[in-house]
>>> print(open('coords37.txt').read())   # compact mmCIF, C-alpha atoms and all ligand atoms
# COMPACT_ATOMS: atom_id res chain seq x y z
CA MET A 1 54.09 -1.59 28.74
CA VAL A 2 52.13 1.64 28.90
CA ASP A 3 52.67 4.41 26.39
CA LYS A 4 52.95 7.23 28.90
CA ALA A 5 52.78 9.97 26.27
CA ALA A 6 49.51 8.55 24.95
CA ALA A 7 48.22 8.07 28.48
CA ARG A 8 49.10 11.69 29.28
CA LYS A 9 47.03 12.93 26.35
CA VAL A 10 44.04 10.95 27.58
CA PHE A 11 44.65 12.11 31.13
CA ASP A 12 44.62 15.74 29.98
CA LYS A 13 41.20 15.16 28.40
CA PHE A 14 39.88 13.78 31.66
CA ASP A 15 41.47 16.46 33.84
CA LEU A 16 39.07 19.18 32.77
CA ASN A 17 40.34 21.93 35.08
CA GLY A 18 43.98 20.99 34.54
CA ASP A 19 44.88 20.64 38.21
CA GLY A 20 46.64 17.30 37.66
CA ARG A 21 43.91 15.30 39.41
CA VAL A 22 40.85 13.62 37.94
CA THR A 23 37.74 13.69 40.11
CA ALA A 24 34.74 11.37 39.68
CA ALA A 25 32.80 14.29 38.18
CA GLU A 26 35.57 15.00 35.66
CA PHE A 27 35.84 11.31 34.84
CA GLN A 28 32.11 11.14 34.12
CA GLN A 29 32.14 14.33 32.03
CA ALA A 30 35.01 12.95 29.93
CA MET A 31 33.17 9.67 29.35
CA LEU A 32 30.07 11.61 28.26
CA ALA A 33 32.23 13.74 25.96
CA MET A 34 33.62 10.57 24.40
CA GLY A 35 30.09 9.45 23.58
CA ASP A 36 29.31 7.10 26.46
CA LEU A 37 26.06 8.86 27.29
CA ASP A 38 24.94 6.29 29.86
CA TYR A 39 28.00 6.82 32.03
CA THR A 40 27.00 7.94 35.51
CA VAL A 41 28.92 9.61 38.33
CA ALA A 42 28.35 6.43 40.34
CA MET A 43 30.16 4.43 37.66
CA ALA A 44 33.00 6.95 37.65
CA GLN A 45 33.13 6.80 41.44
CA ALA A 46 33.33 3.00 41.33
CA VAL A 47 36.35 3.15 39.01
CA LEU A 48 37.91 5.81 41.16
CA ASN A 49 37.40 3.76 44.31
CA THR A 50 39.30 0.79 42.89
CA LYS A 51 42.21 2.86 41.51
CA ASP A 52 42.56 5.62 44.10
CA ARG A 53 45.51 4.07 45.89
CA ASP A 54 46.28 6.99 48.17
CA ALA A 55 42.56 7.52 48.91
CA ASP A 56 42.60 11.26 48.29
CA GLY A 57 39.35 11.03 46.31
CA THR A 58 40.96 11.80 42.96
CA LEU A 59 43.08 10.03 40.36
CA SER A 60 46.63 11.24 39.92
CA PHE A 61 48.34 10.55 36.59
CA GLU A 62 50.06 7.49 38.04
CA GLU A 63 46.72 6.13 39.27
CA PHE A 64 45.03 7.05 36.01
CA ILE A 65 47.57 4.99 34.05
CA GLU A 66 46.10 1.86 35.63
CA VAL A 67 42.65 2.79 34.36
CA TYR A 68 44.10 3.55 30.95
CA GLU A 69 46.00 0.27 30.90
CA ALA A 70 42.89 -1.69 31.86
CA ALA A 71 40.90 0.03 29.09
CA GLU A 72 43.62 -0.67 26.53
CA ASN A 73 43.64 -4.36 27.42
CA ASN A 74 39.90 -4.61 27.00
CA CA A 101 40.95 18.06 37.72
CA CA A 102 44.51 9.35 44.44
>>> encode(input="coords37.txt", output="structure tokens", more="lines below")
Ligand SMILES: [Ca+2]
Ligand SMILES: [Ca+2]
Amino acid sequence: MVDKAAARKVFDKFDLNGDGRVTAAEFQQAMLAMGDLDYTVAMAQAVLNTKDRDADGTLSFEEFIEVYEAAENN
């Protein structure tokens, strides 16, 4: 069961421009900000590709939850 409030806080950190969508560039920037300095846009794009269910090129909050959930279970 996902803690949606906690996931929302993380999502807000990733959604740098606050438009409710996380792009690959935003995803990478957030990973860098969290100290993962080797994280590349290509890596962010790979995550995005597997979770972007509606194929709009960005992660919505609902799509992001899956990433969050996967990270939590790691
Ligand atoms: Ca955004
Ligand atoms: Ca999407």
>>> residues_around(input="coords37.txt", residues="A:Tyr39", least_positions_apart="3", cutoff="12 Å", atoms="all atoms listed in the file", output="mmCIF file with C-alpha atoms, in the frame of the given file")
data_model
loop_
_atom_site.group_PDB
_atom_site.id
_atom_site.type_symbol
_atom_site.label_atom_id
_atom_site.label_comp_id
_atom_site.auth_asym_id
_atom_site.auth_seq_id
_atom_site.Cartn_x
_atom_site.Cartn_y
_atom_site.Cartn_z
ATOM 1 C CA ALA A 24 34.740 11.370 39.680
ATOM 2 C CA ALA A 25 32.800 14.290 38.180
ATOM 3 C CA GLU A 26 35.570 15.000 35.660
ATOM 4 C CA PHE A 27 35.840 11.310 34.840
ATOM 5 C CA GLN A 28 32.110 11.140 34.120
ATOM 6 C CA GLN A 29 32.140 14.330 32.030
ATOM 7 C CA ALA A 30 35.010 12.950 29.930
ATOM 8 C CA MET A 31 33.170 9.670 29.350
ATOM 9 C CA LEU A 32 30.070 11.610 28.260
ATOM 10 C CA ALA A 33 32.230 13.740 25.960
ATOM 11 C CA MET A 34 33.620 10.570 24.400
ATOM 12 C CA GLY A 35 30.090 9.450 23.580
ATOM 13 C CA ASP A 36 29.310 7.100 26.460
ATOM 14 C CA ALA A 42 28.350 6.430 40.340
ATOM 15 C CA MET A 43 30.160 4.430 37.660
ATOM 16 C CA ALA A 44 33.000 6.950 37.650
ATOM 17 C CA GLN A 45 33.130 6.800 41.440
ATOM 18 C CA ALA A 46 33.330 3.000 41.330
ATOM 19 C CA VAL A 47 36.350 3.150 39.010
#
>>> residues_near_ligand(input="coords37.txt", ligand="ligand CA 102 (chain A)", cutoff="8 Å", atoms="all atoms listed in the file", output="PyMOL selection string")
chain A and resi 21+51-60+63
>>> atom_distance(input="coords37.txt", atom1="atom CA of A:Val2", atom2="atom CA of A:Glu62")
11.0 Å
>>> residues_around(input="coords37.txt", residues="A:Ile65", least_positions_apart="5", cutoff="9 Å", atoms="all atoms listed in the file", output="PyMOL selection string")
chain A and resi 2+4+7-8+11+60+70
>>> residues_near_ligand(input="coords37.txt", ligand="ligand CA 101 (chain A)", cutoff="6 Å", atoms="all atoms listed in the file", output="mmCIF file with C-alpha atoms, in the frame of the given file")
data_model
loop_
_atom_site.group_PDB
_atom_site.id
_atom_site.type_symbol
_atom_site.label_atom_id
_atom_site.label_comp_id
_atom_site.auth_asym_id
_atom_site.auth_seq_id
_atom_site.Cartn_x
_atom_site.Cartn_y
_atom_site.Cartn_z
ATOM 1 C CA ASP A 15 41.470 16.460 33.840
ATOM 2 C CA LEU A 16 39.070 19.180 32.770
ATOM 3 C CA ASN A 17 40.340 21.930 35.080
ATOM 4 C CA GLY A 18 43.980 20.990 34.540
ATOM 5 C CA ASP A 19 44.880 20.640 38.210
ATOM 6 C CA GLY A 20 46.640 17.300 37.660
ATOM 7 C CA ARG A 21 43.910 15.300 39.410
ATOM 8 C CA VAL A 22 40.850 13.620 37.940
ATOM 9 C CA THR A 23 37.740 13.690 40.110
#
>>> atom_distance(input="coords37.txt", atom1="atom CA of A:Ala71", atom2="atom CA of A:Leu37")
17.4 Å
>>> atom_distance(input="coords37.txt", atom1="atom CA of A:Leu48", atom2="atom CA of A:Asn73")
18.0 Å
>>> residues_around(input="coords37.txt", residues="A:Asp3", least_positions_apart="6", cutoff="12 Å", atoms="all atoms listed in the file", output="list in words")
Lys9, Val10, Ile65, Glu66, Tyr68, Glu69 and Glu72 of chain A
